[in-house]
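File shown here: start_21.cif, holding mmCIF, C-alpha atoms and all ligand atoms.
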```
data_run
loop_
_atom_site.group_PDB
_atom_site.id
_atom_site.type_symbol
_atom_site.label_atom_id
_atom_site.label_comp_id
_atom_site.auth_asym_id
_atom_site.auth_seq_id
_atom_site.Cartn_x
_atom_site.Cartn_y
_atom_site.Cartn_z
ATOM 1 C CA MET A 231 11.228 -40.255 -45.345
ATOM 2 C CA GLY A 232 14.675 -38.710 -44.841
ATOM 3 C CA LYS A 233 16.330 -39.111 -41.465
ATOM 4 C CA ALA A 234 16.396 -35.377 -40.765
ATOM 5 C CA VAL A 235 12.693 -35.028 -41.582
ATOM 6 C CA TRP A 236 11.878 -38.024 -39.425
ATOM 7 C CA ALA A 237 13.902 -36.610 -36.505
ATOM 8 C CA ALA A 238 12.196 -33.219 -36.844
ATOM 9 C CA LEU A 239 8.763 -34.836 -37.011
ATOM 10 C CA LEU A 240 9.527 -36.917 -33.973
ATOM 11 C CA ALA A 241 10.707 -33.849 -32.056
ATOM 12 C CA VAL A 242 7.378 -32.122 -32.801
ATOM 13 C CA LEU A 243 5.400 -35.211 -31.793
ATOM 14 C CA SER A 244 7.481 -35.522 -28.605
ATOM 15 C CA ALA A 245 6.726 -31.911 -27.717
ATOM 16 C CA ILE A 246 2.987 -32.440 -28.276
ATOM 17 C CA ALA A 247 3.051 -35.696 -26.333
ATOM 18 C CA ALA A 248 4.993 -34.085 -23.490
ATOM 19 C CA ALA A 249 2.625 -31.087 -23.376
ATOM 20 C CA PHE A 250 -0.352 -33.372 -22.884
ATOM 21 C CA ASP A 251 1.538 -35.860 -20.729
ATOM 22 C CA LEU A 252 1.034 -38.567 -23.315
ATOM 23 C CA PRO A 253 3.430 -41.356 -24.054
ATOM 24 C CA LEU A 254 5.562 -40.561 -27.085
ATOM 25 C CA GLY A 255 3.895 -41.612 -30.291
ATOM 26 C CA TRP A 256 0.512 -41.997 -28.646
ATOM 27 C CA LEU A 257 -1.808 -39.178 -29.549
ATOM 28 C CA GLY A 258 -5.142 -40.679 -28.617
ATOM 29 C CA GLY A 259 -6.770 -44.047 -28.201
ATOM 30 C CA ALA A 260 -4.955 -47.114 -26.985
ATOM 31 C CA PRO A 261 -1.199 -47.127 -27.524
ATOM 32 C CA PRO A 262 -0.466 -49.127 -30.651
ATOM 33 C CA PRO A 263 1.429 -52.377 -30.157
ATOM 34 C CA VAL A 264 4.925 -52.397 -31.591
ATOM 35 C CA GLU A 265 4.558 -54.359 -34.807
ATOM 36 C CA THR A 266 7.885 -53.717 -36.357
ATOM 37 C CA GLY A 267 11.067 -52.403 -34.924
ATOM 38 C CA VAL A 268 12.434 -52.304 -31.416
ATOM 39 C CA THR A 269 11.950 -49.604 -28.815
ATOM 40 C CA VAL A 270 14.254 -49.184 -25.824
ATOM 41 C CA LYS A 271 13.238 -46.831 -23.027
ATOM 42 C CA VAL A 272 15.690 -45.915 -20.321
ATOM 43 C CA LEU A 273 13.026 -45.007 -17.783
ATOM 44 C CA ALA A 274 13.480 -41.999 -15.512
ATOM 45 C CA VAL A 275 13.308 -43.736 -12.146
ATOM 46 C CA GLY A 276 15.764 -41.603 -10.165
ATOM 47 C CA GLN A 277 19.043 -43.117 -8.992
ATOM 48 C CA GLY A 278 18.723 -46.644 -10.355
ATOM 49 C CA ASP A 279 18.134 -48.552 -13.578
ATOM 50 C CA ALA A 280 14.939 -49.707 -15.283
ATOM 51 C CA ILE A 281 15.075 -50.244 -19.036
ATOM 52 C CA LEU A 282 12.031 -51.274 -21.017
ATOM 53 C CA ILE A 283 12.619 -53.077 -24.312
ATOM 54 C CA ARG A 284 9.786 -53.801 -26.727
ATOM 55 C CA THR A 285 10.443 -56.031 -29.678
ATOM 56 C CA PRO A 286 7.861 -57.036 -32.293
ATOM 57 C CA GLU A 287 6.968 -59.998 -30.055
ATOM 58 C CA GLN A 288 8.084 -59.433 -26.504
ATOM 59 C CA THR A 289 8.195 -56.955 -23.658
ATOM 60 C CA VAL A 290 11.415 -57.118 -21.665
ATOM 61 C CA LEU A 291 12.370 -55.177 -18.541
ATOM 62 C CA VAL A 292 16.010 -54.880 -17.513
ATOM 63 C CA ASP A 293 16.194 -53.942 -13.795
ATOM 64 C CA THR A 294 13.456 -52.390 -11.714
ATOM 65 C CA GLY A 295 14.846 -49.242 -10.045
ATOM 66 C CA ASP A 296 15.210 -48.600 -6.315
ATOM 67 C CA THR A 297 12.781 -49.397 -3.481
ATOM 68 C CA SER A 298 12.293 -45.648 -2.956
ATOM 69 C CA GLU A 299 11.319 -45.086 -6.610
ATOM 70 C CA THR A 300 8.558 -47.660 -7.051
ATOM 71 C CA GLY A 301 6.016 -44.855 -7.565
ATOM 72 C CA ARG A 302 7.894 -43.647 -10.641
ATOM 73 C CA LEU A 303 8.320 -47.184 -11.920
ATOM 74 C CA ARG A 304 4.612 -47.883 -11.452
ATOM 75 C CA SER A 305 3.572 -44.771 -13.356
ATOM 76 C CA ALA A 306 6.062 -45.484 -16.138
ATOM 77 C CA LEU A 307 4.728 -49.022 -16.583
ATOM 78 C CA ARG A 308 1.140 -47.714 -16.537
ATOM 79 C CA LYS A 309 1.971 -45.001 -19.051
ATOM 80 C CA GLU A 310 3.458 -47.659 -21.347
ATOM 81 C CA SER A 311 0.486 -49.973 -20.753
ATOM 82 C CA VAL A 312 2.794 -52.783 -19.680
ATOM 83 C CA ARG A 313 0.789 -55.618 -18.182
ATOM 84 C CA ARG A 314 2.803 -58.584 -19.312
ATOM 85 C CA ILE A 315 6.570 -58.878 -19.111
ATOM 86 C CA ASP A 316 7.930 -61.783 -21.105
ATOM 87 C CA LYS A 317 11.379 -61.486 -19.604
ATOM 88 C CA LEU A 318 12.508 -59.664 -16.484
ATOM 89 C CA ILE A 319 16.293 -59.404 -16.456
ATOM 90 C CA VAL A 320 18.029 -58.400 -13.249
ATOM 91 C CA THR A 321 21.640 -57.353 -13.792
ATOM 92 C CA HIS A 322 22.747 -57.732 -10.151
ATOM 93 C CA PRO A 323 21.083 -57.805 -6.747
ATOM 94 C CA HIS A 324 21.650 -54.234 -5.585
ATOM 95 C CA ARG A 325 18.644 -52.315 -4.299
ATOM 96 C CA ASP A 326 18.679 -49.714 -7.089
ATOM 97 C CA HIS A 327 18.217 -52.557 -9.602
ATOM 98 C CA ILE A 328 15.947 -55.051 -7.793
ATOM 99 C CA GLY A 329 14.138 -52.598 -5.512
ATOM 100 C CA GLY A 330 11.083 -52.370 -7.765
ATOM 101 C CA ALA A 331 10.832 -56.128 -8.424
ATOM 102 C CA ALA A 332 8.009 -56.659 -5.918
ATOM 103 C CA THR A 333 6.041 -53.846 -7.622
ATOM 104 C CA VAL A 334 6.660 -55.392 -11.043
ATOM 105 C CA PHE A 335 5.506 -58.815 -9.851
ATOM 106 C CA ARG A 336 2.376 -57.234 -8.374
ATOM 107 C CA LEU A 337 1.487 -55.121 -11.411
ATOM 108 C CA CYS A 338 2.540 -57.350 -14.290
ATOM 109 C CA ASP A 339 2.293 -60.907 -15.402
ATOM 110 C CA VAL A 340 5.996 -61.819 -15.455
ATOM 111 C CA LYS A 341 6.684 -64.923 -17.529
ATOM 112 C CA GLU A 342 10.371 -65.512 -16.843
ATOM 113 C CA VAL A 343 13.129 -64.035 -14.701
ATOM 114 C CA PHE A 344 16.835 -64.002 -15.560
ATOM 115 C CA ASP A 345 19.624 -62.893 -13.242
ATOM 116 C CA ASN A 346 23.316 -63.519 -12.595
ATOM 117 C CA GLY A 347 22.689 -66.027 -9.796
ATOM 118 C CA GLN A 348 24.906 -64.083 -7.428
ATOM 119 C CA PRO A 349 23.260 -64.247 -4.005
ATOM 120 C CA THR A 350 23.442 -61.565 -1.328
ATOM 121 C CA THR A 351 22.138 -61.261 2.215
ATOM 122 C CA THR A 352 19.914 -58.173 2.013
ATOM 123 C CA SER A 353 16.208 -58.260 2.835
ATOM 124 C CA VAL A 354 15.305 -56.760 -0.552
ATOM 125 C CA TYR A 355 17.077 -59.686 -2.237
ATOM 126 C CA ARG A 356 15.324 -62.232 0.006
ATOM 127 C CA GLU A 357 11.980 -60.608 -0.833
ATOM 128 C CA TYR A 358 12.828 -60.818 -4.533
ATOM 129 C CA LEU A 359 13.577 -64.558 -4.289
ATOM 130 C CA LYS A 360 10.482 -65.144 -2.163
ATOM 131 C CA ALA A 361 8.233 -63.402 -4.694
ATOM 132 C CA ILE A 362 9.661 -65.484 -7.559
ATOM 133 C CA ARG A 363 9.087 -68.712 -5.629
ATOM 134 C CA LYS A 364 5.638 -67.712 -4.414
ATOM 135 C CA GLN A 365 4.439 -66.890 -7.910
ATOM 136 C CA GLY A 366 6.152 -69.919 -9.413
ATOM 137 C CA ILE A 367 7.923 -67.825 -12.058
ATOM 138 C CA PRO A 368 10.575 -69.792 -13.968
ATOM 139 C CA SER A 369 14.001 -68.276 -13.322
ATOM 140 C CA ARG A 370 17.375 -68.828 -14.936
ATOM 141 C CA THR A 371 20.885 -67.542 -14.555
ATOM 142 C CA LEU A 372 22.725 -66.036 -17.500
ATOM 143 C CA ARG A 373 26.407 -66.412 -18.295
ATOM 144 C CA ASP A 374 28.903 -65.103 -20.809
ATOM 145 C CA GLY A 375 28.094 -66.763 -24.130
ATOM 146 C CA ASP A 376 24.342 -67.131 -23.535
ATOM 147 C CA GLU A 377 21.911 -65.763 -26.107
ATOM 148 C CA LEU A 378 18.348 -64.793 -25.346
ATOM 149 C CA ASP A 379 15.840 -64.650 -28.164
ATOM 150 C CA LEU A 380 13.672 -61.575 -27.591
ATOM 151 C CA GLY A 381 11.419 -62.323 -30.552
ATOM 152 C CA GLY A 382 11.001 -60.676 -33.954
ATOM 153 C CA GLY A 383 14.714 -60.934 -34.702
ATOM 154 C CA ALA A 384 15.933 -59.211 -31.529
ATOM 155 C CA VAL A 385 18.631 -60.984 -29.550
ATOM 156 C CA LEU A 386 20.354 -60.318 -26.256
ATOM 157 C CA ARG A 387 23.917 -61.623 -26.295
ATOM 158 C CA VAL A 388 25.406 -62.012 -22.820
ATOM 159 C CA LEU A 389 29.060 -60.937 -22.484
ATOM 160 C CA SER A 390 29.562 -61.127 -18.718
ATOM 161 C CA PRO A 391 29.838 -62.571 -16.046
ATOM 162 C CA THR A 392 31.534 -65.926 -16.447
ATOM 163 C CA GLN A 393 30.829 -68.784 -14.026
ATOM 164 C CA GLU A 394 34.303 -68.319 -12.595
ATOM 165 C CA MET A 395 33.568 -64.669 -11.768
ATOM 166 C CA VAL A 396 30.399 -65.644 -9.921
ATOM 167 C CA ASP A 397 32.235 -68.433 -8.060
ATOM 168 C CA GLU A 398 34.751 -65.829 -6.921
ATOM 169 C CA ARG A 399 31.796 -63.686 -5.738
ATOM 170 C CA GLY A 400 33.165 -60.512 -7.325
ATOM 171 C CA MET A 401 36.029 -60.205 -4.858
ATOM 172 C CA GLN A 402 38.094 -57.058 -5.213
ATOM 173 C CA ASN A 403 40.788 -56.103 -2.709
ATOM 174 C CA GLY A 404 39.424 -58.642 -0.220
ATOM 175 C CA LYS A 405 35.866 -57.288 -0.418
ATOM 176 C CA VAL A 406 32.789 -58.494 -2.274
ATOM 177 C CA ASN A 407 31.810 -56.071 -5.020
ATOM 178 C CA LEU A 408 28.504 -57.190 -6.512
ATOM 179 C CA ASN A 409 28.781 -54.617 -9.309
ATOM 180 C CA LEU A 410 31.610 -56.565 -10.931
ATOM 181 C CA ASN A 411 29.333 -59.466 -11.794
ATOM 182 C CA SER A 412 26.554 -57.351 -13.305
ATOM 183 C CA LEU A 413 25.058 -58.916 -16.379
ATOM 184 C CA VAL A 414 26.448 -57.180 -19.438
ATOM 185 C CA ALA A 415 24.662 -57.901 -22.693
ATOM 186 C CA ARG A 416 24.484 -56.591 -26.222
ATOM 187 C CA LEU A 417 20.999 -56.001 -27.556
ATOM 188 C CA GLU A 418 21.015 -56.712 -31.281
ATOM 189 C CA TYR A 419 18.363 -56.025 -33.870
ATOM 190 C CA GLY A 420 19.463 -56.030 -37.487
ATOM 191 C CA ASP A 421 22.427 -53.670 -37.726
ATOM 192 C CA PHE A 422 21.469 -51.887 -34.506
ATOM 193 C CA SER A 423 23.107 -52.738 -31.216
ATOM 194 C CA MET A 424 23.152 -51.354 -27.708
ATOM 195 C CA MET A 425 25.339 -52.377 -24.797
ATOM 196 C CA LEU A 426 23.521 -52.913 -21.524
ATOM 197 C CA THR A 427 25.910 -52.873 -18.602
ATOM 198 C CA GLY A 428 24.157 -52.794 -15.230
ATOM 199 C CA ASP A 429 26.736 -51.455 -12.779
ATOM 200 C CA ALA A 430 29.706 -53.199 -14.397
ATOM 201 C CA GLU A 431 32.986 -51.590 -13.409
ATOM 202 C CA ALA A 432 36.420 -51.246 -15.000
ATOM 203 C CA LEU A 433 37.505 -54.787 -14.073
ATOM 204 C CA THR A 434 34.413 -56.224 -15.779
ATOM 205 C CA GLU A 435 34.920 -54.034 -18.838
ATOM 206 C CA MET A 436 38.556 -55.117 -19.173
ATOM 207 C CA GLY A 437 37.541 -58.790 -18.818
ATOM 208 C CA ILE A 438 34.996 -58.355 -21.615
ATOM 209 C CA LEU A 439 37.662 -56.789 -23.822
ATOM 210 C CA LYS A 440 39.928 -59.793 -23.220
ATOM 211 C CA ARG A 441 37.312 -62.488 -23.780
ATOM 212 C CA HIS A 442 35.436 -61.144 -26.795
ATOM 213 C CA GLU A 443 36.222 -60.428 -30.409
ATOM 214 C CA PRO A 444 36.124 -56.737 -31.393
ATOM 215 C CA GLU A 445 33.078 -57.221 -33.659
ATOM 216 C CA MET A 446 31.098 -58.493 -30.656
ATOM 217 C CA LEU A 447 31.686 -55.210 -28.883
ATOM 218 C CA ARG A 448 30.971 -52.569 -31.531
ATOM 219 C CA CYS A 449 27.625 -50.922 -30.825
ATOM 220 C CA ASN A 450 25.581 -47.848 -31.629
ATOM 221 C CA LEU A 451 24.646 -46.994 -28.058
ATOM 222 C CA LEU A 452 25.922 -47.589 -24.551
ATOM 223 C CA LYS A 453 23.810 -47.679 -21.414
ATOM 224 C CA ALA A 454 26.463 -46.079 -19.211
ATOM 225 C CA GLY A 455 27.810 -48.506 -16.634
ATOM 226 C CA HIS A 456 27.102 -47.767 -12.957
ATOM 227 C CA HIS A 457 25.065 -44.621 -13.600
ATOM 228 C CA GLY A 458 28.044 -42.822 -15.141
ATOM 229 C CA SER A 459 30.198 -43.385 -12.077
ATOM 230 C CA ARG A 460 33.968 -43.019 -12.420
ATOM 231 C CA THR A 461 34.362 -46.716 -11.529
ATOM 232 C CA SER A 462 33.192 -47.530 -15.072
ATOM 233 C CA SER A 463 33.424 -46.488 -18.748
ATOM 234 C CA VAL A 464 37.190 -46.884 -19.070
ATOM 235 C CA THR A 465 38.581 -45.409 -22.279
ATOM 236 C CA ALA A 466 39.708 -48.772 -23.742
ATOM 237 C CA PHE A 467 36.159 -50.098 -23.361
ATOM 238 C CA LEU A 468 34.613 -46.979 -24.900
ATOM 239 C CA ARG A 469 37.049 -47.208 -27.822
ATOM 240 C CA ALA A 470 36.207 -50.857 -28.435
ATOM 241 C CA LEU A 471 32.483 -50.050 -28.415
ATOM 242 C CA GLY A 472 32.718 -47.021 -30.685
ATOM 243 C CA ALA A 473 29.215 -45.994 -29.604
ATOM 244 C CA ASP A 474 27.575 -42.785 -30.810
ATOM 245 C CA ALA A 475 26.074 -41.960 -27.431
ATOM 246 C CA ALA A 476 25.952 -42.903 -23.758
ATOM 247 C CA LEU A 477 22.576 -43.131 -22.018
ATOM 248 C CA VAL A 478 23.003 -42.431 -18.312
ATOM 249 C CA SER A 479 20.359 -43.495 -15.808
ATOM 250 C CA CYS A 480 20.770 -41.360 -12.677
ATOM 251 C CA GLY A 481 18.780 -39.361 -10.127
ATOM 252 C CA GLU A 482 18.410 -35.581 -9.967
ATOM 253 C CA ASP A 483 21.158 -34.115 -7.723
ATOM 254 C CA ASN A 484 22.124 -37.613 -6.650
ATOM 255 C CA GLU A 485 24.460 -37.952 -3.686
ATOM 256 C CA TYR A 486 26.948 -39.982 -5.727
ATOM 257 C CA HIS A 487 27.572 -37.110 -8.179
ATOM 258 C CA CYS A 488 26.685 -39.306 -11.171
ATOM 259 C CA PRO A 489 27.517 -38.901 -13.944
ATOM 260 C CA HIS A 490 31.026 -38.060 -12.818
ATOM 261 C CA PRO A 491 32.708 -35.128 -14.641
ATOM 262 C CA SER A 492 35.704 -37.333 -15.496
ATOM 263 C CA VAL A 493 33.381 -39.852 -17.181
ATOM 264 C CA LEU A 494 31.591 -37.105 -19.115
ATOM 265 C CA ALA A 495 35.031 -35.947 -20.267
ATOM 266 C CA ARG A 496 35.810 -39.495 -21.449
ATOM 267 C CA TYR A 497 32.557 -39.616 -23.428
ATOM 268 C CA GLU A 498 33.365 -36.270 -24.962
ATOM 269 C CA ALA A 499 36.884 -37.406 -25.834
ATOM 270 C CA GLU A 500 35.349 -40.367 -27.680
ATOM 271 C CA ASP A 501 32.948 -38.018 -29.452
ATOM 272 C CA MET A 502 29.870 -39.522 -27.783
ATOM 273 C CA ASP A 503 26.622 -37.693 -27.135
ATOM 274 C CA VAL A 504 25.199 -37.968 -23.646
ATOM 275 C CA TYR A 505 21.587 -38.476 -22.658
ATOM 276 C CA ARG A 506 20.750 -38.556 -18.963
ATOM 277 C CA THR A 507 17.502 -39.364 -17.235
ATOM 278 C CA ASP A 508 18.015 -36.781 -14.473
ATOM 279 C CA ARG A 509 17.830 -33.952 -17.034
ATOM 280 C CA ASP A 510 16.171 -35.449 -20.103
ATOM 281 C CA GLY A 511 13.595 -37.680 -18.359
ATOM 282 C CA THR A 512 12.914 -41.035 -19.986
ATOM 283 C CA VAL A 513 15.162 -41.533 -23.023
ATOM 284 C CA THR A 514 13.546 -43.442 -25.909
ATOM 285 C CA VAL A 515 15.419 -45.203 -28.695
ATOM 286 C CA ARG A 516 13.524 -46.537 -31.696
ATOM 287 C CA THR A 517 15.139 -48.636 -34.351
ATOM 288 C CA ASP A 518 14.072 -50.435 -37.498
ATOM 289 C CA GLY A 519 17.316 -52.425 -37.468
ATOM 290 C CA LYS A 520 18.966 -50.086 -39.964
ATOM 291 C CA THR A 521 18.758 -46.651 -38.412
ATOM 292 C CA TYR A 522 17.747 -45.430 -34.994
ATOM 293 C CA ILE A 523 16.344 -42.294 -33.413
ATOM 294 C CA ILE A 524 16.639 -41.038 -29.863
ATOM 295 C CA ALA A 525 13.972 -38.893 -28.262
ATOM 296 C CA THR A 526 13.839 -37.485 -24.762
ATOM 297 C CA GLU A 527 10.785 -37.072 -22.594
ATOM 298 C CA ARG A 528 11.519 -33.416 -22.011
ATOM 299 C CA GLY A 529 11.909 -32.906 -25.728
ATOM 300 C CA LYS A 530 15.200 -31.085 -25.467
ATOM 301 C CA LYS A 531 16.971 -33.034 -28.128
ATOM 302 C CA ALA A 532 16.316 -35.686 -30.675
ATOM 303 C CA ALA A 533 18.986 -37.421 -32.682
ATOM 304 C CA ALA A 534 19.088 -39.875 -35.521
ATOM 305 C CA GLY A 535 21.886 -42.183 -36.446
ATOM 306 C CA THR A 536 22.919 -45.077 -38.569
ATOM 307 C CA LYS A 537 25.367 -47.854 -38.009
ATOM 308 C CA SER A 538 28.744 -46.441 -38.905
HETATM 309 ZN ZN ZN B 601 23.177 -49.231 -9.616
#
```

Take the structure in the file and write it out as structure tokens.
Ligand SMILES: [Zn+2]
Amino acid sequence: MGKAVWAALLAVLSAIAAAFDLPLGWLGGAPPPVETGVTVKVLAVGQGDAILIRTPEQTVLVDTGDTSETGRLRSALRKESVRRIDKLIVTHPHRDHIGGAATVFRLCDVKEVFDNGQPTTTSVYREYLKAIRKQGIPSRTLRDGDELDLGGGAVLRVLSPTQEMVDERGMQNGKVNLNLNSLVARLEYGDFSMMLTGDAEALTEMGILKRHEPEMLRCNLLKAGHHGSRTSSVTAFLRALGADAALVSCGEDNEYHCPHPSVLARYEAEDMDVYRTDRDGTVTVRTDGKTYIIATERGKKAAAGTKS
């Protein structure tokens, strides 16, 4: 089937699915397991991040949204029939990324947890650690250079932070900035790749540019760093990535004004499309490792692309 036909068909299916409040691609009966290909869903969980990745063999969740948005996270996981999470990856210990962890541990059988090992003093972080210990879930820290096998040929290649960055506790101008040590990783499946960035800021992006070869950075899609905040998505980083589109996870009318107009202008200058959860709802990417398609929950736009 041609790409245009496939995109049009998917748009129709999305509209039907949305009209009946069905998960995309599920038009009756139990949702089919993903047998081939990889699906990435940037879940609409308000101002925060929660990204569901399904490979032919594993279910992976990157971040869990905010404490105030656990209702949305719970319904998204139910809608996707997620009961087992092979890998929970926490990019950094801010509330809008670990806030839903307790809910995830309660609802799902979590097999392994990965984070950046950067401690903080908040109660939500203590609760997160307590839950991991209580349930005896194996946990590991990830560092630049690590590779996680997500099964079925999908790999997550970690690009940041380094051990040195974590030892320095993300100090910036005499203050701790936990965003700087967000896990940044490139999801790879065949020729498809997507950069996952947590809340990484300019300093992190520039460090990645220095430490990594250009071919490690090229990708089809970018999960916008720090919810599209102007602290992130510097032009040099965007140029190195050469992504077709930015996927922004942010809340409706959020108080931080994300995505920032200056960042949207940078995306436009780099000829990138923008998908945002506050307007588009959950954004779904499906790839067979050669091409990919993007569909939005609200069915406003669907796009197809190939590795350029
Ligand atoms: Zn955040």

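If all atoms listed in the file are the atoms counted, then among A:Val334, A:Met502, A:Leu413, A:Ile283 the closest residue to ligand ZN 601 (chain B) is A:Leu413.
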
Straight-line distance linking CA of Asp397 in chain A with CA of Gln348 in chain A, stated in Å to one decimal: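 It comes out at 8.5 Å.
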
From A:Thr371, A:Thr351, A:Gln365, A:Ser479, residue lying nearest Val275 in chain A [only C-alpha atoms]: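 Once distances to Val275 in chain A are computed over only C-alpha atoms, the minimum belongs to A:Ser479.
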
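Residue nearest ligand ZN 601 (chain B) within the list A:Arg373, A:Arg506, A:Arg336, A:His324: A:His324 [criterion: smallest interatomic distance, all atoms listed in the file].
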
Check which residues satisfy the PyMOL selection byres (((chain A and resi 503) around 9) and not hetatm) in the file shown, then give them as number ranges by chain. A: 474-477, 497-498, 501-502, 504-505

At most 6 Å from ligand ZN 601 (chain B) (all atoms listed in the file): residue list as a compact mmCIF listing (two decimals) with C-alpha atoms, in the frame of the given file:
```txt
# COMPACT_ATOMS: atom_id res chain seq x y z
CA GLY A 278 18.72 -46.64 -10.36
CA ASP A 326 18.68 -49.71 -7.09
CA HIS A 327 18.22 -52.56 -9.60
CA ASP A 429 26.74 -51.46 -12.78
CA HIS A 456 27.10 -47.77 -12.96
```

What lies within 7 Å of Ala384 in chain A using all atoms listed in the file, ignoring chain neighbours under 6 positions off, as a PyMOL selection string? chain A and resi 285+418-419

For CA of Ala280 in chain A and CA of His457 in chain A, quote the distance in Å rounded to one decimal.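 If I compute the distance from CA of Ala280 in chain A to CA of His457 in chain A, I get 11.5 Å.
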
For Leu410 in chain A, the nearest of the candidates A:Leu433, A:Leu372, A:Ala454, A:Leu273, counting only C-alpha atoms: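 Closest residue, counting only C-alpha atoms: A:Leu433.
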
At a cut-off of 10 Å, using all atoms listed in the file, what residues contact Arg370 in chain A? Leave out same-chain residues fewer than 6 positions from it and give the result as a PyMOL selection string. chain A and resi 319+342-347

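What the PyMOL selection byres (((chain A and resi 286) around 8) and not hetatm) grabs from this file is Val264, Glu265, Thr266, Gly267, Val268, Arg284, Thr285, Glu287, Gln288, Gly381 and Gly382 of chain A.
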
Separation of CA of Pro323 in chain A and CA of Tyr355 in chain A, in Å?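 Going from CA of Pro323 in chain A over to CA of Tyr355 in chain A, I get 6.3 Å.
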
Could you check which of A:Leu451, A:Val290, A:Leu282, A:Val385 is closest to Val340 in chain A, using all atoms listed in the file?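 Closest to Val340 in chain A, using all atoms listed in the file: A:Val290.
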
Given the file above and the PyMOL selection byres (((chain A and resi 308-318) around 10) and not hetatm), which residues are selected, and can you give them as a ChimeraX atom specification? /A:251-254,256,260-263,271,282-284,287-294,302-307,319-321,331,334-335,337-345,369,378,380

Selected residue, from A:Thr350, A:Thr300, A:Ala470, A:Asn407, that lies nearest to Ala332 in chain A when counting only C-alpha atoms: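 Counting only C-alpha atoms, the residue closest to Ala332 in chain A is A:Thr300.
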
Using only C-alpha atoms, give me every residue within 9 Å of (30.7, -55.3, -15.0) in file coordinates, as a list in words. Ser390, Pro391, Leu408, Asn409, Leu410, Asn411, Ser412, Leu413, Val414, Thr427, Gly428, Asp429, Ala430, Glu431, Ala432, Leu433, Thr434, Glu435, Met436, Gly437, Ile438, Gly455, His456 and Ser462 of chain A

Might you pull out every residue within 9 Å of Gly276 in chain A, with all atoms listed in the file counted and same-chain residues fewer than 2 positions away left off, and present them as JSON, numbers by chain? {"A": [273, 274, 278, 279, 295, 296, 298, 299, 302, 479, 480, 481, 482, 484, 507, 508]}
